[in-house]
Amino acid sequence: MLIADISISPKIIFTLCLIVGVWVLKNIWIFFIRHNKQQLEERHKNWISVVRNLCNLALAIGIAVVWLSELQNFAISVAAFTVAIVIATKELLQCFLGFISWVTNRSFRVGDWIEINHHCGEVADIDWIKIRLLEVDLENGYAYTGKSISIMNSELLTKSVINLNFMRRYVMHSFSIYRSDEVNLFELKQPIIDVINELISPFQDVASRYSNLISKRLEIEATSTDPFVYIHTTDTNFQVASITIFCPTEEAHPLEQTITEQFMVLWYEKYKSQKDRLALS
């Protein structure tokens with residue numbers, strides 16, 4: 001191949017000429033500043049520095065102008081490639097960021113009970129992609145359902161995480177009993193509280209200590225461990241006895257059944273006595 005056959009881009013030639021021209025102009029300019037000066041004064045040194053900076057800036061602008069179209073194409077290609085990578089790995093990036101958020105905050109640990117995106121369970125494992133939960137049914141017995149749930153770490157960035165770890169041992173369990181208006185439920189309030197106190201007395205001291213432990217860890221006021229009965233009505237003319245007890249998690253639903261049974265006994269006795277009085281009168 002002959003040298004004459006090699007084609008050189010005009011932009012390359014112009015760039016080389018620009019570099020040489022700026023270099024020559026800079027040296028001529030500096031030569032005139034230094035001319036016939038045995039010792040440079042401070043202002044001369046400043047001028048030389050300004051000349052060098054101006055020439056370097058002019059060279060950079062000139063090269064950028066010459067190669068502007070190529071730079072634009074390169075920037076567009078890089079931007080398109082970057083956008084494609086981000087879109088393709090969006091979920092993985094969000095999962096990784098969610099994992100970093102968990103590592104930073106440590107709002108829960110393996111073994112804790114949590115609720116996220118309406119899923120409740122014990123944290124069995126967590127890695128940089130997902131959280132694996134052993135599902136717990138909070139509505140029926142607070143027991144494991146046998147199901148395993150995998151939740152992407154990206155949920156940690158968009159959903160709130162509720163730590164339910166204190167519920168592993170003791171729980172604030174609430175339930176309601178609906179009755180018609182034949183009997184005034186306020187007359188049964190104290191008797192049912194007495195029944196509840198008798199049922200929870202074996203673990204009342206432990207429950208109180210556990211409540212104090214939770215309050216210290218969460219830095220909140222200690223939860224009362226005394227049973228609470230709230231009587232109210234519905235729009236359909238039913239009376240409601242809403243009962244709240246602080247009890248061992250595994251005892252919550254057995255206690256609910258026993259309390260409901262005792263409540264129904266008290267209600268029926270009250271209803272029967274009222275019916276007998278009306279019959280005698």
# chains A, B, ... in the order shown; residues from 1 in each chain; ligands from 1
>>> closest_atom_pairs(of="region 230-255 of chain A", to="region 165-168 of chain A", cutoff="10 Å", atoms="only C-alpha atoms", output="Markdown table")
| residue | atom | partner | partner_atom | distance |
| --- | --- | --- | --- | --- |
| A:Cys247 | CA | A:Met167 | CA | 9.8 |
| A:Pro248 | CA | A:Arg168 | CA | 8.5 |
| A:Thr249 | CA | A:Arg168 | CA | 6.5 |
| A:Glu250 | CA | A:Arg168 | CA | 8.8 |
>>> write_last_selection(atoms="N, CA and C atoms", output="PDB file, in the first residue's frame")
ATOM      1  N   CYS A 247     -51.719 -11.021  76.573  1.00  0.00           N
ATOM      2  CA  CYS A 247     -51.555 -12.416  76.963  1.00  0.00           C
ATOM      3  C   CYS A 247     -50.492 -13.089  76.112  1.00  0.00           C
ATOM      4  N   PRO A 248     -50.049 -14.287  76.494  1.00  0.00           N
ATOM      5  CA  PRO A 248     -49.108 -15.032  75.653  1.00  0.00           C
ATOM      6  C   PRO A 248     -49.707 -15.275  74.278  1.00  0.00           C
ATOM      7  N   THR A 249     -48.893 -15.169  73.261  1.00  0.00           N
ATOM      8  CA  THR A 249     -49.380 -15.267  71.884  1.00  0.00           C
ATOM      9  C   THR A 249     -50.109 -16.581  71.631  1.00  0.00           C
ATOM     10  N   GLU A 250     -49.536 -17.693  72.116  1.00  0.00           N
ATOM     11  CA  GLU A 250     -50.165 -18.985  71.840  1.00  0.00           C
ATOM     12  C   GLU A 250     -51.458 -19.184  72.623  1.00  0.00           C
TER      13      GLU A 250
END
>>> residues_around(residues="Ser201 (chain A)", least_positions_apart="2", cutoff="12 Å", atoms="only C-alpha atoms", output="list in words")
Ile193, Asp194, Val195, Ile196, Asn197, Glu198, Leu199, Phe203, Gln204, Asp205, Val206, Ala207, Ser208, Thr225, Asp226, Pro227, Ile245, Phe246, Cys247 and Pro248 of chain A
>>> write_last_selection(atoms="C-alpha atoms", output="CSV table (one decimal), in the first residue's frame")
chain,number,residue,atom,x,y,z
A,193,ILE,CA,-63.6,-8.3,83.8
A,194,ASP,CA,-63.5,-10.5,87.0
A,195,VAL,CA,-63.6,-13.6,84.8
A,196,ILE,CA,-60.8,-12.3,82.6
A,197,ASN,CA,-58.6,-11.4,85.6
A,198,GLU,CA,-59.0,-14.9,86.9
A,199,LEU,CA,-58.1,-16.4,83.6
A,203,PHE,CA,-49.1,-15.1,83.7
A,204,GLN,CA,-50.0,-11.5,84.8
A,205,ASP,CA,-46.6,-10.9,86.5
A,206,VAL,CA,-44.7,-12.1,83.5
A,207,ALA,CA,-46.8,-10.1,81.1
A,208,SER,CA,-46.2,-7.0,83.2
A,225,THR,CA,-51.6,-5.3,81.1
A,226,ASP,CA,-55.0,-5.0,82.7
A,227,PRO,CA,-57.9,-6.3,80.6
A,245,ILE,CA,-56.2,-8.6,76.8
A,246,PHE,CA,-52.4,-8.7,77.0
A,247,CYS,CA,-51.6,-12.4,77.0
A,248,PRO,CA,-49.1,-15.0,75.7
>>> residues_around(residues="region 262-270 of chain A", least_positions_apart="5", cutoff="12 Å", atoms="only C-alpha atoms", output="number ranges by chain")
A: 176-196, 198-199, 229, 239-243, 255-257, 275-277
>>> write_last_selection(atoms="N, CA, C and O atoms", output="compact mmCIF listing (two decimals), in the first residue's frame")
# COMPACT_ATOMS: atom_id res chain seq x y z
N SER A 176 -64.35 -8.81 69.57
CA SER A 176 -65.65 -8.21 69.91
C SER A 176 -66.74 -9.28 69.94
O SER A 176 -66.69 -10.26 69.18
N ILE A 177 -67.71 -9.06 70.83
CA ILE A 177 -68.88 -9.94 70.96
C ILE A 177 -70.12 -9.10 70.70
O ILE A 177 -70.33 -8.08 71.37
N TYR A 178 -70.95 -9.52 69.77
CA TYR A 178 -72.16 -8.78 69.39
C TYR A 178 -73.38 -9.47 70.00
O TYR A 178 -73.55 -10.68 69.90
N ARG A 179 -74.23 -8.66 70.63
CA ARG A 179 -75.48 -9.18 71.18
C ARG A 179 -76.61 -8.19 70.89
O ARG A 179 -76.38 -6.99 70.71
N SER A 180 -77.83 -8.73 70.88
CA SER A 180 -79.00 -7.86 70.73
C SER A 180 -79.26 -7.12 72.04
O SER A 180 -78.56 -7.32 73.03
N ASP A 181 -80.29 -6.27 72.04
CA ASP A 181 -80.47 -5.35 73.16
C ASP A 181 -81.38 -5.87 74.26
O ASP A 181 -81.94 -5.10 75.04
N GLU A 182 -81.57 -7.21 74.37
CA GLU A 182 -82.41 -7.74 75.45
C GLU A 182 -81.79 -7.52 76.83
O GLU A 182 -82.48 -7.42 77.83
N VAL A 183 -80.46 -7.47 76.87
CA VAL A 183 -79.74 -7.32 78.14
C VAL A 183 -78.83 -6.11 78.05
O VAL A 183 -78.17 -5.89 77.01
N ASN A 184 -78.79 -5.33 79.11
CA ASN A 184 -77.87 -4.19 79.18
C ASN A 184 -76.46 -4.71 79.44
O ASN A 184 -76.16 -5.22 80.53
N LEU A 185 -75.57 -4.58 78.45
CA LEU A 185 -74.23 -5.16 78.58
C LEU A 185 -73.40 -4.46 79.65
O LEU A 185 -72.43 -5.04 80.15
N PHE A 186 -73.75 -3.24 80.03
CA PHE A 186 -72.99 -2.56 81.08
C PHE A 186 -73.12 -3.30 82.41
O PHE A 186 -72.23 -3.23 83.25
N GLU A 187 -74.23 -4.02 82.58
CA GLU A 187 -74.41 -4.80 83.81
C GLU A 187 -73.49 -6.02 83.84
O GLU A 187 -73.25 -6.60 84.90
N LEU A 188 -72.99 -6.42 82.68
CA LEU A 188 -72.10 -7.58 82.59
C LEU A 188 -70.62 -7.18 82.54
O LEU A 188 -69.75 -8.06 82.54
N LYS A 189 -70.36 -5.88 82.47
CA LYS A 189 -68.99 -5.43 82.28
C LYS A 189 -68.07 -5.88 83.41
O LYS A 189 -67.03 -6.49 83.19
N GLN A 190 -68.43 -5.58 84.65
CA GLN A 190 -67.57 -5.93 85.77
C GLN A 190 -67.47 -7.45 85.97
O GLN A 190 -66.37 -7.97 86.20
N PRO A 191 -68.60 -8.19 85.88
CA PRO A 191 -68.47 -9.65 86.00
C PRO A 191 -67.52 -10.27 84.98
O PRO A 191 -66.75 -11.17 85.32
N ILE A 192 -67.57 -9.79 83.73
CA ILE A 192 -66.67 -10.38 82.73
C ILE A 192 -65.23 -9.97 82.97
O ILE A 192 -64.29 -10.73 82.69
N ILE A 193 -65.01 -8.75 83.49
CA ILE A 193 -63.65 -8.34 83.85
C ILE A 193 -63.10 -9.24 84.96
O ILE A 193 -61.93 -9.65 84.93
N ASP A 194 -63.95 -9.58 85.90
CA ASP A 194 -63.52 -10.49 86.98
C ASP A 194 -63.14 -11.85 86.41
O ASP A 194 -62.15 -12.47 86.84
N VAL A 195 -63.92 -12.33 85.46
CA VAL A 195 -63.62 -13.62 84.83
C VAL A 195 -62.27 -13.55 84.10
O VAL A 195 -61.44 -14.46 84.20
N ILE A 196 -62.07 -12.47 83.37
CA ILE A 196 -60.82 -12.32 82.61
C ILE A 196 -59.63 -12.25 83.56
O ILE A 196 -58.59 -12.89 83.32
N GLU A 198 -59.29 -13.56 86.41
CA GLU A 198 -59.03 -14.90 86.94
C GLU A 198 -58.30 -15.77 85.91
O GLU A 198 -57.39 -16.54 86.25
N LEU A 199 -58.67 -15.62 84.64
CA LEU A 199 -58.06 -16.42 83.59
C LEU A 199 -56.60 -16.01 83.32
O LEU A 199 -55.76 -16.86 83.02
N VAL A 229 -62.53 -3.64 78.72
CA VAL A 229 -63.81 -3.96 78.09
C VAL A 229 -64.50 -2.66 77.72
O VAL A 229 -64.72 -1.80 78.58
N GLN A 239 -75.61 -4.41 70.45
CA GLN A 239 -74.64 -3.99 71.45
C GLN A 239 -73.35 -4.77 71.23
O GLN A 239 -73.38 -5.95 70.84
N VAL A 240 -72.23 -4.11 71.48
CA VAL A 240 -70.93 -4.74 71.23
C VAL A 240 -70.08 -4.62 72.48
O VAL A 240 -69.95 -3.54 73.06
N ALA A 241 -69.51 -5.73 72.87
CA ALA A 241 -68.52 -5.74 73.95
C ALA A 241 -67.15 -6.01 73.31
O ALA A 241 -66.87 -7.13 72.88
N SER A 242 -66.31 -4.96 73.20
CA SER A 242 -64.97 -5.10 72.65
C SER A 242 -64.00 -5.34 73.79
O SER A 242 -63.89 -4.51 74.71
N ILE A 243 -63.31 -6.46 73.74
CA ILE A 243 -62.44 -6.90 74.83
C ILE A 243 -60.99 -6.93 74.36
O ILE A 243 -60.69 -7.44 73.26
N LEU A 255 -57.93 -18.27 74.93
CA LEU A 255 -58.52 -17.35 75.91
C LEU A 255 -59.74 -16.65 75.33
O LEU A 255 -60.75 -16.44 76.03
N GLU A 256 -59.68 -16.28 74.06
CA GLU A 256 -60.84 -15.65 73.42
C GLU A 256 -62.05 -16.57 73.47
O GLU A 256 -63.17 -16.12 73.77
N GLN A 257 -61.84 -17.85 73.18
CA GLN A 257 -62.94 -18.80 73.22
C GLN A 257 -63.51 -18.95 74.63
O GLN A 257 -64.74 -18.96 74.83
N LYS A 275 -86.34 -12.39 81.95
CA LYS A 275 -87.54 -13.00 81.34
C LYS A 275 -88.43 -13.59 82.42
O LYS A 275 -89.69 -13.48 82.35
N ASP A 276 -87.79 -14.19 83.44
CA ASP A 276 -88.58 -14.76 84.56
C ASP A 276 -89.30 -13.64 85.33
O ASP A 276 -90.45 -13.83 85.74
N ARG A 277 -88.64 -12.53 85.56
CA ARG A 277 -89.27 -11.42 86.29
C ARG A 277 -90.48 -10.89 85.52
O ARG A 277 -91.51 -10.56 86.08
>>> atom_distance(atom1="CA of Leu59 (chain A)", atom2="CA of Ile30 (chain A)")
16.4 Å
>>> closest_residue(among="A:Glu251, A:Phe74, A:Lys26, A:Ala80", to="Ala58 (chain A)", atoms="only C-alpha atoms")
A:Lys26
>>> residues_around(residues="Val136 (chain A)", least_positions_apart="4", cutoff="9 Å", atoms="only C-alpha atoms", output="list in words")
Trp113, His119, Cys120, Gly121, Glu122, Gly141, Tyr142, Ala143, Tyr144, Thr145, Gly146 and Lys147 of chain A
>>> atom_distance(atom1="CA of Ser224 (chain A)", atom2="CA of Met172 (chain A)")
9.7 Å
>>> select_by_dssp(residues="region 38-212 of chain A", states="alpha helix (DSSP H)", output="VMD selection string")
chain A and resid 42 to 66 68 to 88 90 to 105 155 to 158 186 to 200 204 to 212
>>> closest_residue(among="A:Lys11, A:Arg109, A:Trp23, A:Ser101", to="Asn53 (chain A)", atoms="only C-alpha atoms")
A:Trp23
>>> atom_distance(atom1="CA of Thr104 (chain A)", atom2="CA of Thr82 (chain A)")
27.3 Å
>>> closest_residue(among="A:Ile12, A:Ile214, A:Val24, A:Ile48", to="Trp67 (chain A)", atoms="only C-alpha atoms")
A:Ile12
>>> residues_around(residues="Ser49 (chain A)", least_positions_apart="6", cutoff="12 Å", atoms="only C-alpha atoms", output="PyMOL selection string")
chain A and resi 26+29-30+33+42-43+55-56
>>> select_by_dssp(residues="region 85-199 of chain A", states="strand (DSSP E or B)", output="NGL selection string")
:A and (113-116 or 119-126 or 130-137 or 143-152 or 161-163 or 170-179)
